[in-house]
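For reference, the structure discussed in these notes is given below.
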Amino acid sequence: MKTEDRIAKLAGDRGRVTPTQLAHIVRRTSRLDAMVEWYQTVLGAEVVHSDGMLAFLSYDEEHHRIAIAQIPGLEDQPPFAAGTDHVAFTYADLGDLLHTFARLKDAGVEPFWCINHGPTTSLYYKDPDANRVELQVDNFSTAAETNRWMHSGEFAANPIGVVFDPEDLLARYRAGEPFATLVARPPLPAGTTPFEMLRF
């Protein structure tokens, strides 16, 4: 990089500079082996480093997306403690998400919450330490479409979503139902409120 380019990078009037990507997530645990196995299974990740105290896992070009640090004697977090609620991973399309659902179910890993939020169709899981992990697919092709939907009043009326049966969605996908109807958020069941859609 030329000197003038370096100076331009540091210019005070350059404005806000944002990260290029979310690099990785680090989990503390006293269940290293179980956590490593779970993230390998759920994300299809490979262990790129493990020394019995620290494991790095990746599922793409990044050197690690998940790090798991073994700290003996950790207490479990109480439910609803302050902190991160969940971490979400996006799949390329609904077929990939549903394939992953079926693969994980065969491996004995099942979601505790399946919900169409509107912007996403989402499956929520809990790792061995009860950290919540969302596997999702975007319901709209572009961020602009998502933003239009968010401003349509639909989100304000129901900011949580509508629960769904993943086996039913899988069967409808297999039967060839159009993507647009598969991911369209249905109305709330009669007599229910958005908060009745929550699952913990």
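Within each chain, counting starts at residue 1; across the structure tokens, chains are named A, B, ... in the order shown, with ligands numbered 1 upward in that order.
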### Task
Please provide the set of residues having any atom within 12 Å of Thr146 (chain A), restricted to only C-alpha atoms, with same-chain residues fewer than 4 positions apart removed, written as a list in words.
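Everything that qualifies: His117, Gly118, Pro119, Thr120, Asp138, Asn139, Phe140, Ser141, Thr142, Met150, His151, Ser152, Glu154 and Phe155 of chain A.
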### Task
Determine, counting only C-alpha atoms, which protein, DNA and RNA residues have an atom within 9 Å of an atom of region 194-200 of chain A; residues of the same chain fewer than 4 positions away are not included. Present the result as an MDAnalysis selection string.
chainID A and resid 112:115 157:163 188
The selected residues should be written to file as an mmCIF file, in the first residue's frame (atoms: N, CA and C atoms).
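Listing of out_8.cif after writing:
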data_model
loop_
_atom_site.group_PDB
_atom_site.id
_atom_site.type_symbol
_atom_site.label_atom_id
_atom_site.label_comp_id
_atom_site.auth_asym_id
_atom_site.auth_seq_id
_atom_site.Cartn_x
_atom_site.Cartn_y
_atom_site.Cartn_z
ATOM 1 N N PHE A 112 -35.797 -26.687 19.705
ATOM 2 C CA PHE A 112 -36.806 -26.467 20.740
ATOM 3 C C PHE A 112 -37.808 -25.402 20.304
ATOM 4 N N TRP A 113 -37.488 -24.669 19.217
ATOM 5 C CA TRP A 113 -38.373 -23.597 18.754
ATOM 6 C C TRP A 113 -38.224 -23.464 17.251
ATOM 7 N N CYS A 114 -39.334 -23.577 16.539
ATOM 8 C CA CYS A 114 -39.351 -23.417 15.089
ATOM 9 C C CYS A 114 -40.332 -22.293 14.796
ATOM 10 N N ILE A 115 -39.827 -21.198 14.227
ATOM 11 C CA ILE A 115 -40.666 -20.018 14.079
ATOM 12 C C ILE A 115 -40.344 -19.272 12.795
ATOM 13 N N ALA A 157 -47.029 -5.355 14.236
ATOM 14 C CA ALA A 157 -48.182 -6.098 14.743
ATOM 15 C C ALA A 157 -47.775 -7.402 15.421
ATOM 16 N N ASN A 158 -46.677 -7.993 14.959
ATOM 17 C CA ASN A 158 -46.206 -9.260 15.531
ATOM 18 C C ASN A 158 -44.688 -9.312 15.411
ATOM 19 N N PRO A 159 -43.962 -8.810 16.418
ATOM 20 C CA PRO A 159 -42.501 -8.780 16.338
ATOM 21 C C PRO A 159 -41.832 -10.115 16.665
ATOM 22 N N ILE A 160 -42.610 -11.138 16.962
ATOM 23 C CA ILE A 160 -42.040 -12.433 17.349
ATOM 24 C C ILE A 160 -42.129 -13.437 16.208
ATOM 25 N N GLY A 161 -43.304 -13.626 15.654
ATOM 26 C CA GLY A 161 -43.462 -14.564 14.560
ATOM 27 C C GLY A 161 -44.558 -15.570 14.817
ATOM 28 N N VAL A 162 -44.570 -16.630 14.007
ATOM 29 C CA VAL A 162 -45.572 -17.689 14.109
ATOM 30 C C VAL A 162 -44.842 -19.029 14.103
ATOM 31 N N VAL A 163 -45.113 -19.842 15.121
ATOM 32 C CA VAL A 163 -44.453 -21.154 15.203
ATOM 33 C C VAL A 163 -44.939 -22.046 14.057
ATOM 34 N N LEU A 188 -51.276 -15.177 12.849
ATOM 35 C CA LEU A 188 -51.330 -15.846 14.147
ATOM 36 C C LEU A 188 -52.571 -16.725 14.218
#
So which residues of region 97-128 of chain A fall under strand (DSSP E) by DSSP, listed as a PDB file with C-alpha atoms, in the first residue's frame?
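After the write, out-v1.pdb holds the following:
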ATOM      1  CA  TRP A 113     -38.373 -23.597  18.754  1.00  0.00           C
ATOM      2  CA  CYS A 114     -39.351 -23.417  15.089  1.00  0.00           C
ATOM      3  CA  ILE A 115     -40.666 -20.018  14.079  1.00  0.00           C
ATOM      4  CA  ASN A 116     -41.250 -17.943  11.009  1.00  0.00           C
ATOM      5  CA  THR A 120     -36.451 -15.399   8.441  1.00  0.00           C
ATOM      6  CA  THR A 121     -37.584 -18.984   8.858  1.00  0.00           C
ATOM      7  CA  SER A 122     -35.702 -20.127  11.943  1.00  0.00           C
ATOM      8  CA  LEU A 123     -34.889 -23.256  13.919  1.00  0.00           C
ATOM      9  CA  TYR A 124     -33.521 -22.765  17.437  1.00  0.00           C
ATOM     10  CA  TYR A 125     -31.352 -25.318  19.205  1.00  0.00           C
ATOM     11  CA  LYS A 126     -29.518 -25.510  22.537  1.00  0.00           C
TER      12      LYS A 126
END
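For the residues A:Leu98, A:Arg185, A:Gly108, A:Gln70, ranking by smallest atom-to-atom distance to Tyr173 (chain A) using only C-alpha atoms places A:Leu98 first.
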### Summary
For Pro111 (chain A), the closest of A:Glu145, A:Glu62, A:Glu134, A:Glu177 counting only C-alpha atoms is A:Glu134
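Shortest separation to Leu94 (chain A) among A:Leu170, A:Ala81, A:Ile7, A:Val137 occurs at residue A:Val137, atoms counted being only C-alpha atoms.
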### Query
Which residue out of A:Leu10, A:Ala130, A:Leu74, A:Ala34 has the minimum interatomic distance to Ala55 (chain A) when only C-alpha atoms are used?
A:Ala34
### Nearest residue to Leu104 (chain A) from the set A:Arg16, A:Gly44, A:Val26, A:Phe179 (distances using only C-alpha atoms)
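Using only C-alpha atoms, the shortest distance to Leu104 (chain A) belongs to A:Gly44.
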Write out as a CSV table (one decimal) with N, CA and C atoms, in the first residue's frame each polymer residue whose atoms come within 10 Å of Gly73 (chain A), counting only C-alpha atoms; drop sequence neighbours fewer than 5 positions from it.
chain,number,residue,atom,x,y,z
A,29,THR,N,-16.6,-23.2,28.7
A,29,THR,CA,-17.3,-24.4,29.0
A,29,THR,C,-16.5,-25.2,30.0
A,30,SER,N,-17.1,-26.1,30.7
A,30,SER,CA,-16.4,-27.2,31.4
A,30,SER,C,-16.8,-28.5,30.7
A,31,ARG,N,-17.4,-28.5,29.6
A,31,ARG,CA,-17.8,-29.7,28.8
A,31,ARG,C,-17.2,-29.6,27.4
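With only C-alpha atoms as the atoms that count, the minimum distance from Glu46 (chain A) to the choices A:Asp60, A:Glu4, A:Asp33, A:Asp129 is reached by A:Asp60.
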### Task
Give me, please, the distance in Å between CA of Gln77 (chain A) and CA of Ile25 (chain A), quoted to one decimal.
17.2 Å
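Pairwise distance (CA of Leu54 (chain A), CA of Ala67 (chain A)) equals 7.0 Å.
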### Query
CA of Pro79 (chain A) to CA of Arg27 (chain A): how many Å, to one decimal?
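So the two atoms, CA of Pro79 (chain A) and CA of Arg27 (chain A), lie 16.4 Å apart.
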